[in-house]
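This is protein_16.txt (compact mmCIF, C-alpha atoms and all ligand atoms).
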# COMPACT_ATOMS: atom_id res chain seq x y z
CA MET A 214 75.21 93.86 106.31
CA SER A 215 71.83 95.20 105.23
CA LEU A 216 71.54 97.58 102.29
CA ASP A 217 70.68 101.26 102.57
CA LEU A 218 68.24 101.36 99.69
CA ALA A 219 67.93 105.15 99.62
CA VAL A 220 71.69 105.47 99.18
CA ILE A 221 71.74 102.69 96.59
CA ARG A 222 68.83 104.03 94.57
CA ALA A 223 70.46 107.45 94.45
CA GLN A 224 73.20 105.76 92.41
CA PHE A 225 70.73 104.84 89.65
CA PRO A 226 69.46 107.96 87.87
CA ALA A 227 67.06 106.07 85.59
CA LEU A 228 65.04 104.72 88.51
CA HIS A 229 63.79 108.21 89.38
CA GLN A 230 61.23 108.88 86.68
CA GLN A 231 57.55 108.52 85.92
CA VAL A 232 56.25 106.17 83.26
CA ASN A 233 52.67 106.63 82.05
CA GLY A 234 52.05 109.02 84.92
CA GLU A 235 53.21 106.54 87.58
CA PRO A 236 56.55 106.18 89.36
CA LEU A 237 58.69 103.68 87.47
CA VAL A 238 58.84 100.20 89.01
CA TYR A 239 61.64 98.54 87.11
CA LEU A 240 61.33 94.75 87.21
CA ASP A 241 63.08 93.82 83.97
CA ASN A 242 66.53 93.39 85.43
CA ALA A 243 67.16 89.96 83.94
CA ALA A 244 66.97 91.55 80.49
CA SER A 245 69.04 94.60 81.43
CA SER A 246 69.76 96.27 84.73
CA GLN A 247 69.95 100.03 85.14
CA VAL A 248 73.38 101.64 84.97
CA CYS A 249 75.04 102.87 88.17
CA ARG A 250 76.39 106.40 88.46
CA ALA A 251 79.98 105.15 88.90
CA SER A 252 79.80 103.52 85.47
CA ILE A 253 78.12 106.52 83.82
CA GLU A 254 80.77 108.83 85.26
CA ALA A 255 83.72 106.64 84.30
CA VAL A 256 82.45 106.60 80.71
CA ARG A 257 81.91 110.36 80.77
CA THR A 258 85.43 111.03 82.04
CA PHE A 259 86.86 108.92 79.24
CA GLU A 260 84.73 110.55 76.54
CA GLU A 261 85.34 114.09 77.83
CA GLN A 262 89.02 113.87 78.74
CA ASP A 263 90.80 110.72 77.56
CA LYS A 264 89.13 109.80 74.27
CA SER A 265 91.75 108.24 72.04
CA ASN A 266 92.62 104.88 70.56
CA VAL A 267 94.50 102.36 72.70
CA HIS A 268 97.77 100.43 72.59
CA ARG A 269 99.51 101.97 69.59
CA GLY A 270 99.72 105.58 70.72
CA VAL A 271 102.67 107.39 72.20
CA HIS A 272 100.77 110.57 73.02
CA THR A 273 99.28 111.32 76.42
CA LEU A 274 95.61 110.73 75.62
CA ALA A 275 96.40 107.36 74.03
CA GLN A 276 98.35 106.37 77.10
CA ARG A 277 95.55 107.48 79.40
CA ALA A 278 92.99 105.57 77.35
CA THR A 279 95.18 102.46 77.40
CA SER A 280 95.71 102.55 81.15
CA ALA A 281 92.01 103.18 81.81
CA MET A 282 91.07 100.24 79.60
CA GLU A 283 93.64 97.91 81.14
CA ALA A 284 92.49 99.03 84.60
CA GLY A 285 89.03 97.90 83.49
CA ARG A 286 90.47 94.48 82.67
CA GLU A 287 91.98 94.28 86.17
CA GLN A 288 88.65 95.28 87.73
CA VAL A 289 86.85 92.56 85.80
CA ALA A 290 89.52 89.99 86.74
CA ARG A 291 88.97 90.83 90.43
CA PHE A 292 85.20 90.69 89.97
CA LEU A 293 85.46 87.14 88.61
CA GLY A 294 88.24 85.92 90.88
CA ALA A 295 90.49 85.28 87.87
CA ARG A 296 94.15 84.66 88.66
CA SER A 297 95.30 87.11 85.99
CA SER A 298 93.82 89.86 83.84
CA ASP A 299 95.32 87.99 80.84
CA GLU A 300 92.41 85.59 81.30
CA ILE A 301 89.87 88.33 80.54
CA VAL A 302 88.81 88.70 76.89
CA PHE A 303 86.42 91.53 76.05
CA THR A 304 83.49 90.76 73.78
CA ARG A 305 80.20 92.46 72.94
CA GLY A 306 78.41 90.33 75.50
CA THR A 307 77.64 86.80 76.61
CA THR A 308 76.45 85.85 73.14
CA GLU A 309 79.68 86.87 71.47
CA ALA A 310 81.72 85.20 74.23
CA ILE A 311 80.02 81.85 73.58
CA ASN A 312 80.41 82.29 69.82
CA LEU A 313 84.11 82.98 70.40
CA VAL A 314 84.49 79.60 72.13
CA ALA A 315 82.52 77.88 69.36
CA GLY A 316 84.66 79.60 66.73
CA THR A 317 88.01 78.70 68.34
CA LEU A 318 87.81 75.63 70.58
CA GLY A 319 85.04 74.38 68.30
CA GLN A 320 87.37 74.39 65.29
CA SER A 321 89.14 71.34 66.74
CA PHE A 322 85.88 69.37 67.03
CA VAL A 323 85.23 66.64 64.46
CA GLU A 324 82.13 64.83 63.26
CA GLY A 325 80.48 62.92 66.08
CA ASP A 326 82.07 64.99 68.85
CA GLU A 327 79.54 66.15 71.41
CA VAL A 328 78.71 69.38 73.20
CA LEU A 329 76.54 68.91 76.28
CA ILE A 330 74.07 71.62 77.31
CA THR A 331 70.84 71.65 79.37
CA HIS A 332 67.20 72.05 78.45
CA MET A 333 67.10 75.51 80.08
CA GLU A 334 69.73 77.24 77.93
CA HIS A 335 69.31 80.69 76.43
CA HIS A 336 69.38 80.61 72.62
CA SER A 337 72.89 82.05 72.80
CA ASN A 338 74.09 78.77 74.29
CA ILE A 339 72.18 76.65 71.78
CA VAL A 340 72.47 78.23 68.35
CA PRO A 341 76.30 78.61 68.21
CA TRP A 342 76.54 74.83 68.77
CA GLN A 343 73.87 74.16 66.17
CA LEU A 344 75.89 76.22 63.69
CA LEU A 345 78.93 74.14 64.61
CA ALA A 346 76.85 70.99 64.13
CA ARG A 347 76.13 72.16 60.58
CA GLN A 348 79.74 73.07 59.86
CA ARG A 349 81.52 70.19 61.56
CA GLY A 350 78.94 67.50 62.21
CA ILE A 351 79.11 67.73 65.98
CA VAL A 352 76.21 66.43 68.06
CA LEU A 353 74.33 68.52 70.63
CA LYS A 354 73.33 66.58 73.75
CA VAL A 355 70.71 68.04 76.08
CA ALA A 356 70.45 67.25 79.80
CA PRO A 357 66.82 67.07 80.98
CA ILE A 358 65.04 69.14 83.63
CA ASP A 359 61.96 68.36 85.73
CA ASP A 360 58.63 70.18 85.75
CA ARG A 361 59.82 72.62 88.43
CA GLY A 362 62.74 73.62 86.24
CA VAL A 363 65.37 71.72 88.22
CA LEU A 364 68.25 70.22 86.27
CA ASP A 365 68.60 66.44 86.43
CA LEU A 366 72.22 66.44 87.53
CA ALA A 367 72.58 62.65 87.45
CA ALA A 368 71.26 62.58 83.88
CA LEU A 369 73.69 65.34 82.89
CA VAL A 370 76.61 63.46 84.40
CA GLY A 371 75.41 60.30 82.63
CA LEU A 372 75.50 62.12 79.29
CA ILE A 373 79.21 62.91 79.65
CA GLY A 374 80.87 60.32 77.45
CA PRO A 375 84.00 59.59 75.43
CA ARG A 376 82.93 61.97 72.63
CA THR A 377 82.03 64.91 74.90
CA ARG A 378 84.30 67.83 74.03
CA LEU A 379 82.62 70.56 76.06
CA VAL A 380 79.97 70.94 78.74
CA SER A 381 78.34 74.34 78.28
CA VAL A 382 75.68 75.23 80.85
CA VAL A 383 73.80 78.19 82.19
CA GLN A 384 74.65 78.98 85.80
CA THR A 385 71.31 80.68 86.51
CA SER A 386 68.32 80.43 84.19
CA ASN A 387 67.04 83.76 82.88
CA THR A 388 63.51 82.38 82.48
CA LEU A 389 63.14 80.27 85.63
CA GLY A 390 65.68 81.69 88.03
CA THR A 391 66.97 78.16 88.70
CA ARG A 392 70.51 78.13 90.07
CA ASN A 393 72.35 75.14 88.72
CA PRO A 394 74.87 73.12 90.75
CA VAL A 395 77.78 74.34 88.65
CA ALA A 396 80.55 73.27 91.06
CA GLU A 397 79.33 69.67 90.84
CA ILE A 398 79.00 69.94 87.07
CA VAL A 399 82.58 71.22 86.75
CA ARG A 400 83.83 68.40 88.99
CA ALA A 401 82.03 65.70 87.01
CA ALA A 402 83.16 67.09 83.66
CA HIS A 403 86.76 67.45 84.79
CA ASP A 404 86.75 63.89 86.15
CA ALA A 405 86.09 62.91 82.53
CA GLY A 406 88.70 65.37 81.22
CA VAL A 407 86.06 67.62 79.63
CA PRO A 408 86.25 71.45 79.82
CA VAL A 409 83.29 73.50 81.05
CA LEU A 410 81.86 76.81 79.86
CA LEU A 411 79.51 78.59 82.25
CA ASP A 412 76.98 81.10 80.94
CA GLY A 413 77.04 83.49 83.87
CA ALA A 414 74.83 86.20 82.35
CA GLN A 415 72.24 85.79 85.13
CA ALA A 416 74.58 84.78 87.93
CA ALA A 417 77.16 87.56 87.78
CA PRO A 418 74.58 90.25 88.78
CA HIS A 419 73.47 88.31 91.86
CA GLU A 420 76.34 86.44 93.46
CA ALA A 421 80.09 86.63 93.94
CA VAL A 422 81.71 84.65 91.15
CA ASP A 423 85.01 82.92 91.77
CA VAL A 424 86.15 81.25 88.58
CA ALA A 425 89.37 80.01 90.14
CA ALA A 426 87.48 78.29 92.98
CA LEU A 427 84.82 76.96 90.58
CA GLY A 428 87.56 75.68 88.32
CA CYS A 429 85.51 76.36 85.19
CA ASP A 430 87.42 76.71 81.94
CA PHE A 431 85.33 79.48 80.40
CA TYR A 432 82.90 81.98 81.92
CA ALA A 433 80.74 84.44 80.00
CA PHE A 434 78.76 87.45 81.19
CA SER A 435 77.38 90.78 79.92
CA GLY A 436 78.03 94.34 81.10
CA HIS A 437 74.46 95.53 80.66
CA LYS A 438 73.14 93.10 83.27
CA VAL A 439 75.68 94.09 85.96
CA CYS A 440 74.82 97.81 86.11
CA GLY A 441 77.27 98.59 83.32
CA PRO A 442 77.00 99.69 79.69
CA THR A 443 75.54 97.77 76.75
CA GLY A 444 77.75 96.39 73.98
CA ILE A 445 80.41 95.06 76.32
CA GLY A 446 80.87 91.62 77.84
CA VAL A 447 83.49 89.19 78.93
CA LEU A 448 84.86 85.79 78.15
CA TYR A 449 87.02 84.51 80.98
CA GLY A 450 89.24 81.68 79.79
CA ARG A 451 91.66 79.63 81.86
CA ARG A 452 95.12 80.82 80.87
CA GLU A 453 96.46 77.42 79.71
CA LEU A 454 93.39 76.83 77.59
CA LEU A 455 93.33 80.30 75.98
CA ALA A 456 97.00 79.87 75.07
CA GLU A 457 96.14 76.79 73.00
CA LEU A 458 93.24 78.33 71.09
CA PRO A 459 93.60 79.60 67.53
CA PRO A 460 92.64 83.20 66.67
CA TRP A 461 89.00 83.98 66.01
CA GLN A 462 88.59 87.21 64.05
CA GLY A 463 91.57 88.62 62.16
CA GLY A 464 92.71 92.24 62.12
CA GLY A 465 94.67 94.81 64.04
CA ASP A 466 95.76 94.29 67.65
CA MET A 467 95.52 90.48 67.54
CA ILE A 468 98.81 90.00 65.68
CA GLU A 469 102.45 89.82 66.62
CA ARG A 470 103.86 90.35 63.11
CA VAL A 471 102.16 90.52 59.73
CA SER A 472 103.72 89.84 56.37
CA PHE A 473 102.34 88.49 53.12
CA GLN A 474 104.40 85.37 53.71
CA GLY A 475 102.65 84.67 56.99
CA THR A 476 101.39 86.25 60.16
CA THR A 477 102.04 85.40 63.78
CA PHE A 478 99.52 86.06 66.47
CA ALA A 479 99.55 87.88 69.78
CA GLU A 480 99.27 86.07 73.09
CA PRO A 481 95.86 86.03 74.81
CA PRO A 482 93.86 88.07 75.53
CA ALA A 483 94.92 90.32 72.59
CA ARG A 484 94.74 87.31 70.21
CA PHE A 485 90.96 87.36 70.58
CA GLU A 486 90.41 91.12 70.45
CA ALA A 487 90.80 92.11 66.81
CA GLY A 488 90.22 95.77 66.01
CA THR A 489 89.60 98.79 68.20
CA PRO A 490 87.81 97.54 71.31
CA ASN A 491 84.80 99.08 73.02
CA ILE A 492 87.11 101.22 75.15
CA SER A 493 84.43 103.26 76.89
CA GLY A 494 82.39 100.09 77.49
CA ILE A 495 85.34 98.38 79.14
CA ILE A 496 85.95 101.39 81.36
CA GLY A 497 82.26 101.58 82.29
CA LEU A 498 82.12 97.85 82.98
CA GLY A 499 85.19 98.01 85.22
CA ALA A 500 83.58 100.78 87.26
CA ALA A 501 80.31 98.82 87.53
CA CYS A 502 82.17 95.70 88.72
CA ASP A 503 83.92 97.71 91.42
CA TYR A 504 80.63 99.32 92.44
CA LEU A 505 78.90 95.93 92.86
CA ARG A 506 81.81 94.53 94.84
CA GLY A 507 81.64 97.63 97.04
CA VAL A 508 77.92 97.07 97.74
CA GLY A 509 78.82 93.47 98.56
CA PHE A 510 77.32 90.27 97.22
CA ASP A 511 76.45 88.88 100.67
CA ALA A 512 74.14 91.83 101.26
CA ILE A 513 72.86 91.75 97.66
CA ALA A 514 72.03 88.04 97.86
CA GLN A 515 70.32 88.40 101.23
CA TRP A 516 68.09 91.29 100.10
CA GLU A 517 67.23 89.68 96.78
CA ALA A 518 66.21 86.49 98.61
CA GLU A 519 63.80 88.57 100.72
CA LEU A 520 62.43 90.23 97.59
CA LEU A 521 61.99 86.82 95.94
CA ASP A 522 60.10 85.42 98.94
CA ALA A 523 57.83 88.44 99.14
CA ALA A 524 57.21 88.50 95.38
CA THR A 525 56.43 84.78 95.33
CA GLN A 526 53.78 85.28 98.04
CA VAL A 527 52.29 88.32 96.33
CA LEU A 528 52.11 86.53 92.98
CA GLN A 529 50.57 83.39 94.40
CA ALA A 530 47.76 85.50 95.86
CA VAL A 531 46.66 86.58 92.35
CA PRO A 532 43.71 84.41 91.22
CA GLY A 533 44.56 82.17 88.26
CA LEU A 534 48.31 82.87 88.41
CA ARG A 535 50.75 79.99 88.02
CA MET A 536 54.48 80.33 88.69
CA ILE A 537 56.74 78.87 86.02
CA GLY A 538 59.99 77.80 87.63
CA THR A 539 59.68 76.64 91.22
CA ALA A 540 63.14 75.25 91.88
CA PRO A 541 64.10 75.32 95.57
CA ASP A 542 67.30 77.23 94.74
CA LYS A 543 66.37 80.30 92.71
CA ALA A 544 67.66 83.75 91.86
CA SER A 545 65.22 86.67 92.07
CA VAL A 546 63.39 85.88 88.84
CA CYS A 547 59.63 85.24 88.77
CA SER A 548 58.08 83.89 85.60
CA PHE A 549 54.36 83.30 85.56
CA VAL A 550 51.28 82.77 83.46
CA LEU A 551 47.84 84.13 84.22
CA GLU A 552 44.79 82.18 83.16
CA GLY A 553 43.02 83.89 80.25
CA ALA A 554 45.67 86.61 79.94
CA PRO A 555 48.27 86.50 77.16
CA ALA A 556 51.72 87.37 78.53
CA ALA A 557 52.08 90.34 76.15
CA ASP A 558 48.80 91.83 77.48
CA ILE A 559 50.03 91.47 81.04
CA GLY A 560 53.21 93.34 80.09
CA THR A 561 51.29 96.14 78.39
CA LEU A 562 48.74 96.55 81.18
CA LEU A 563 51.46 96.61 83.84
CA ASP A 564 53.40 99.19 81.83
CA MET A 565 50.34 101.43 81.90
CA GLN A 566 50.76 101.35 85.68
CA GLY A 567 54.48 102.12 85.50
CA VAL A 568 55.56 98.53 86.15
CA ALA A 569 58.16 97.22 83.69
CA VAL A 570 58.23 93.43 83.21
CA ARG A 571 59.16 91.29 80.22
CA ALA A 572 56.78 89.02 78.34
CA GLY A 573 57.62 86.35 75.80
CA HIS A 574 59.79 83.28 75.42
CA HIS A 575 62.88 85.01 76.90
CA CYS A 576 65.10 83.48 74.18
CA THR A 577 64.47 80.02 75.64
CA GLU A 578 62.03 78.47 73.17
CA PRO A 579 63.05 74.83 73.79
CA LEU A 580 62.48 75.43 77.52
CA MET A 581 59.03 76.92 76.91
CA GLU A 582 58.11 73.91 74.81
CA ARG A 583 59.34 71.56 77.56
CA LEU A 584 57.18 73.37 80.13
CA GLY A 585 54.19 73.54 77.80
CA VAL A 586 53.74 77.33 77.80
CA PRO A 587 54.08 79.59 74.74
CA ALA A 588 55.26 82.58 76.77
CA THR A 589 55.47 83.89 80.31
CA ALA A 590 55.45 87.27 81.98
CA ARG A 591 58.63 87.73 83.99
CA ALA A 592 59.35 90.05 86.89
CA SER A 593 63.05 90.05 87.74
CA PHE A 594 64.45 91.88 90.75
CA ALA A 595 67.74 93.64 91.39
CA PHE A 596 69.20 94.65 94.74
CA TYR A 597 67.92 98.23 94.22
CA ASN A 598 64.29 97.07 94.14
CA THR A 599 62.14 97.68 97.20
CA MET A 600 59.22 95.99 98.95
CA ASP A 601 57.09 98.83 97.54
CA ASP A 602 58.07 97.56 94.08
CA VAL A 603 56.86 94.08 95.03
CA GLU A 604 53.56 95.53 96.23
CA ALA A 605 53.16 97.61 93.08
CA LEU A 606 53.55 94.42 91.04
CA GLY A 607 50.86 92.71 93.12
CA ARG A 608 48.45 95.68 92.84
CA GLY A 609 49.14 95.88 89.12
CA LEU A 610 48.36 92.22 88.57
CA HIS A 611 45.10 92.35 90.55
CA LYS A 612 44.11 95.21 88.24
CA VAL A 613 45.11 93.20 85.16
CA ARG A 614 43.00 90.34 86.53
CA LYS A 615 40.00 92.67 86.82
CA ILE A 616 40.47 94.19 83.36
CA LEU A 617 40.89 90.85 81.60
CA GLY A 618 38.23 89.11 83.67
N1 LIG B 1 72.50 83.85 78.57
C1 LIG B 1 71.56 84.19 79.46
C2 LIG B 1 71.23 83.26 80.57
C3 LIG B 1 70.93 85.43 79.33
O1 LIG B 1 69.98 85.77 80.20
C4 LIG B 1 71.26 86.29 78.27
C5 LIG B 1 70.57 87.62 78.08
N2 LIG B 1 69.18 87.57 78.17
C6 LIG B 1 72.25 85.87 77.38
C7 LIG B 1 72.85 84.67 77.57
C8 LIG B 1 72.67 86.73 76.24
O2 LIG B 1 73.28 87.88 76.70
P1 LIG B 1 73.63 89.07 75.69
O3 LIG B 1 72.35 89.36 74.96
O4 LIG B 1 74.04 90.18 76.60
O5 LIG B 1 74.72 88.59 74.80

Could you write out this structure as structure tokens?
Amino acid sequence: MSLDLAVIRAQFPALHQQVNGEPLVYLDNAASSQVCRASIEAVRTFEEQDKSNVHRGVHTLAQRATSAMEAGREQVARFLGARSSDEIVFTRGTTEAINLVAGTLGQSFVEGDEVLITHMEHHSNIVPWQLLARQRGIVLKVAPIDDRGVLDLAALVGLIGPRTRLVSVVQTSNTLGTRNPVAEIVRAAHDAGVPVLLDGAQAAPHEAVDVAALGCDFYAFSGHKVCGPTGIGVLYGRRELLAELPPWQGGGDMIERVSFQGTTFAEPPARFEAGTPNISGIIGLGAACDYLRGVGFDAIAQWEAELLDAATQVLQAVPGLRMIGTAPDKASVCSFVLEGAPAADIGTLLDMQGVAVRAGHHCTEPLMERLGVPATARASFAFYNTMDDVEALGRGLHKVRKILG
């Protein structure tokens, strides 16, 4: 079940380059993974041979484009364990998927209704609800976390009340790596008759997702984090729930019939996909999903756990370094601060050694405030990273330590 890293790395052209005179060590996977060859080639085939608009065409290229795009929807449905590809709505990414739920389900919320999130959400699962709070007077409730970055599940369950209309939580934190107990959250919310949206942006790249088994009502993730293209993402919605939602954006493809007297709308998923979709993105995402399933999430999870263990040890050996996010159940994300070294400087000095990490608030400002740090440096690992990458990070940080004193 172990991974052949040479074979895997050969599937990622961007990994094989020098940056600042050093071999690239790419540890910014939580922001964006590299794209696999299968995805690049699927996009190229479409652009070179099948490029046409979808759905309305009778000619051969239009039919080819339509079948390739709908095959992409099937591939994504399999990737998520959805019962039907009709449950897969294409968006620009996780952010747009969450906004779609806020802009449809949210339109039925009234003043005093509550949306429950956690303290470790990405801004994209905070701000859409704040906009809804402004428009409709809803109230945002926030479940607390402890100093390690572990969600207080009992407190979250206790915050589910008669006015809760949606529980919307991150499955895996992009800043901390914390994996939340989403099955328990779904169970507790459903016991109270409340639907659940899972932000799977950081889970989908690392573990097999099974939305049917999880029972969640909505699931969002982004193509660019699962070895696919940018500008494409997914909202999974449980079929019965999608069928009840009003349209979001208006335009072509989302209608059944249009007249000036009144317009009727298409069934999901078309109802939520106004305008020409990101056809090449969908095709590239489908190929990436199939590629990841082919590698196998058991092997991916096992290797990433080894990388996480090794990286944690290497980091803890750097004088003055403090890990931010020490939950017992973590994905391969390592955030840290280094005494006397601003996170941005760490990022720049590592880049000079070819090591790519991210520095900043990672779009989780309320979380940073809760943990009392303005910013962290973050090394995030994918299954194509090696133990040499871990060592390069360690060497790089010892050098940073020397430079900054
Ligand atoms: N949620 C989480 C947990 C994320 O890590 C990200 C991306 N950093 C997003 C949402 C937003 O994803 P996107 O920018 O692809 O819409």

Report task. Fewer than 6 positions away in the same chain doesn't count, so skip those; otherwise give me all residues within 12 Å of A:Val220, counting only C-alpha atoms, as a count of residues only. Result -> 6

One decimal place gives the atom CA of A:Pro460-atom CA of A:Ala479 separation as 8.9 Å

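One finds atom CA of A:Leu345 at 14.5 Å from atom CA of A:Glu309.
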
Sorted by chain and rising residue number, which residues of chain A lie within 9 Å of ligand LIG 1 (chain B), and what are their closest atom pairs and distances in Å to one decimal, counting only C-alpha atoms and all ligand atoms, as a tab-separated table?
residue	atom	partner	partner_atom	distance
A:Ala243	CA	B:LIG1	O1	6.3
A:Ala244	CA	B:LIG1	N2	5.1
A:Ser245	CA	B:LIG1	N2	7.8
A:Arg305	CA	B:LIG1	O5	7.0
A:Gly306	CA	B:LIG1	O5	4.1
A:Thr307	CA	B:LIG1	O5	3.9
A:Thr308	CA	B:LIG1	O5	3.6
A:Glu309	CA	B:LIG1	O5	6.2
A:Ala310	CA	B:LIG1	O5	7.8
A:Ile311	CA	B:LIG1	O5	8.7
A:Met333	CA	B:LIG1	C2	8.8
A:Glu334	CA	B:LIG1	C2	6.7
A:His335	CA	B:LIG1	N1	5.0
A:His336	CA	B:LIG1	C7	7.3
A:Ser337	CA	B:LIG1	C7	5.4
A:Asn338	CA	B:LIG1	N1	6.8
A:Val383	CA	B:LIG1	C2	5.9
A:Gln384	CA	B:LIG1	C2	7.6
A:Thr385	CA	B:LIG1	C2	6.5
A:Ser386	CA	B:LIG1	C2	5.4
A:Asn387	CA	B:LIG1	O1	4.5
A:Thr388	CA	B:LIG1	O1	7.7
A:Asp412	CA	B:LIG1	N1	5.8
A:Gly413	CA	B:LIG1	C2	6.7
A:Ala414	CA	B:LIG1	C1	4.8
A:Gln415	CA	B:LIG1	C2	5.3
A:Ala416	CA	B:LIG1	C2	8.2
A:Ala433	CA	B:LIG1	C7	8.3
A:Phe434	CA	B:LIG1	O2	7.1
A:Ser435	CA	B:LIG1	O4	4.7
A:Gly436	CA	B:LIG1	O4	7.3
A:His437	CA	B:LIG1	O4	6.7
A:Lys438	CA	B:LIG1	O4	7.3
A:Thr443	CA	B:LIG1	O4	7.7
A:Gly444	CA	B:LIG1	O4	7.7
A:Ile445	CA	B:LIG1	O4	8.0
A:Gly446	CA	B:LIG1	O4	7.1
A:His575	CA	B:LIG1	N2	6.9
A:Cys576	CA	B:LIG1	N2	7.0
A:Thr577	CA	B:LIG1	C2	9.0

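Distances here use all atoms listed in the file; by that measure, the residue among A:Ile513, A:Val570, A:Leu610, A:Ala588 closest to A:Leu528 is A:Leu610.
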
Atom CA of A:Arg506 to atom CA of A:Arg291 measures 9.2 Å

Exercise. For A:Ile492, please output as a list in words all residues within 9 Å (counting all atoms listed in the file; exclusion window: fewer than 6 positions along the same chain).
Key: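 Answer for this query is Phe259, Lys264, Ser265, Asn266, Val267, Ala278, Thr279, Ala281 and Met282 of chain A.
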
- Task: Kindly provide, as a PyMOL selection string, the polymer residues lying within 12 Å of (75.8, 110.1, 93.7), counting only C-alpha atoms and using the coordinates exactly as they appear in the file.
- Result: chain A and resi 219-226+249-254+504

Quiz prompt | Spatial neighbours of stretch 390-401 of chain A, 8 Å, all atoms listed in the file, chain gap at least 2 places, as a ChimeraX atom specification | solution = /A:362-364,366,370,383-388,403-405,408-409,411,427-429,538-547

I'd like the contact shell of A:Leu551 - 7 Å cut-off, all atoms listed in the file, skipping same-chain residues fewer than 6 positions apart - returned as a VMD selection string. chain A and resid 533 to 535

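Closest approach to A:Leu313 among A:Leu458, A:Ile339, A:Leu216, A:Leu389: A:Leu458, based on all atoms listed in the file.
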
Contact residues around A:Gly371 with only C-alpha atoms at 12 Å, ignoring same-chain residues under 2 positions, as an mmCIF file with C-alpha atoms, keeping the file's coordinate frame:
data_model
loop_
_atom_site.group_PDB
_atom_site.id
_atom_site.type_symbol
_atom_site.label_atom_id
_atom_site.label_comp_id
_atom_site.auth_asym_id
_atom_site.auth_seq_id
_atom_site.Cartn_x
_atom_site.Cartn_y
_atom_site.Cartn_z
ATOM 1 C CA LEU A 329 76.540 68.910 76.280
ATOM 2 C CA LYS A 354 73.330 66.580 73.750
ATOM 3 C CA VAL A 355 70.710 68.040 76.080
ATOM 4 C CA ALA A 356 70.450 67.250 79.800
ATOM 5 C CA PRO A 357 66.820 67.070 80.980
ATOM 6 C CA ASP A 365 68.600 66.440 86.430
ATOM 7 C CA LEU A 366 72.220 66.440 87.530
ATOM 8 C CA ALA A 367 72.580 62.650 87.450
ATOM 9 C CA ALA A 368 71.260 62.580 83.880
ATOM 10 C CA LEU A 369 73.690 65.340 82.890
ATOM 11 C CA ILE A 373 79.210 62.910 79.650
ATOM 12 C CA GLY A 374 80.870 60.320 77.450
ATOM 13 C CA PRO A 375 84.000 59.590 75.430
ATOM 14 C CA THR A 377 82.030 64.910 74.900
ATOM 15 C CA ILE A 398 79.000 69.940 87.070
ATOM 16 C CA ALA A 401 82.030 65.700 87.010
ATOM 17 C CA ALA A 402 83.160 67.090 83.660
ATOM 18 C CA ALA A 405 86.090 62.910 82.530
#

**Asked** From the list A:Thr258, A:Thr304, A:Ser297, A:Thr525, which residue is nearest A:Thr489 when using all atoms listed in the file?
**Response**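 Nearest to A:Thr489: A:Thr304.
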
Using only C-alpha atoms and a cutoff of 12 Å, can you tell me which residues are near (89.1, 67.8, 67.0) in the file's coordinates, and write them out as a PDB file with C-alpha atoms, in the frame of the given file?
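Saved to part00.pdb:
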ATOM      1  CA  THR A 317      88.010  78.700  68.340  1.00  0.00           C
ATOM      2  CA  LEU A 318      87.810  75.630  70.580  1.00  0.00           C
ATOM      3  CA  GLY A 319      85.040  74.380  68.300  1.00  0.00           C
ATOM      4  CA  GLN A 320      87.370  74.390  65.290  1.00  0.00           C
ATOM      5  CA  SER A 321      89.140  71.340  66.740  1.00  0.00           C
ATOM      6  CA  PHE A 322      85.880  69.370  67.030  1.00  0.00           C
ATOM      7  CA  VAL A 323      85.230  66.640  64.460  1.00  0.00           C
ATOM      8  CA  GLU A 324      82.130  64.830  63.260  1.00  0.00           C
ATOM      9  CA  GLY A 325      80.480  62.920  66.080  1.00  0.00           C
ATOM     10  CA  ASP A 326      82.070  64.990  68.850  1.00  0.00           C
ATOM     11  CA  GLU A 327      79.540  66.150  71.410  1.00  0.00           C
ATOM     12  CA  ARG A 349      81.520  70.190  61.560  1.00  0.00           C
ATOM     13  CA  GLY A 350      78.940  67.500  62.210  1.00  0.00           C
ATOM     14  CA  ILE A 351      79.110  67.730  65.980  1.00  0.00           C
ATOM     15  CA  ARG A 376      82.930  61.970  72.630  1.00  0.00           C
ATOM     16  CA  THR A 377      82.030  64.910  74.900  1.00  0.00           C
ATOM     17  CA  ARG A 378      84.300  67.830  74.030  1.00  0.00           C
ATOM     18  CA  LEU A 379      82.620  70.560  76.060  1.00  0.00           C
TER      19      LEU A 379
END

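Among the candidates A:Gln474, A:His419, A:Asp217, A:Ala501, the one nearest to A:Gln288 when counting all atoms listed in the file is A:Ala501.
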
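Considering all atoms listed in the file, the residue among A:Leu228, A:Ala284, A:Leu344, A:Val238 positioned nearest to A:Ile496 is A:Ala284.
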
The residue from A:Arg614, A:Arg361, A:His272, A:Arg257 with the smallest atom-to-atom distance to A:Glu552, counting only C-alpha atoms, is A:Arg614
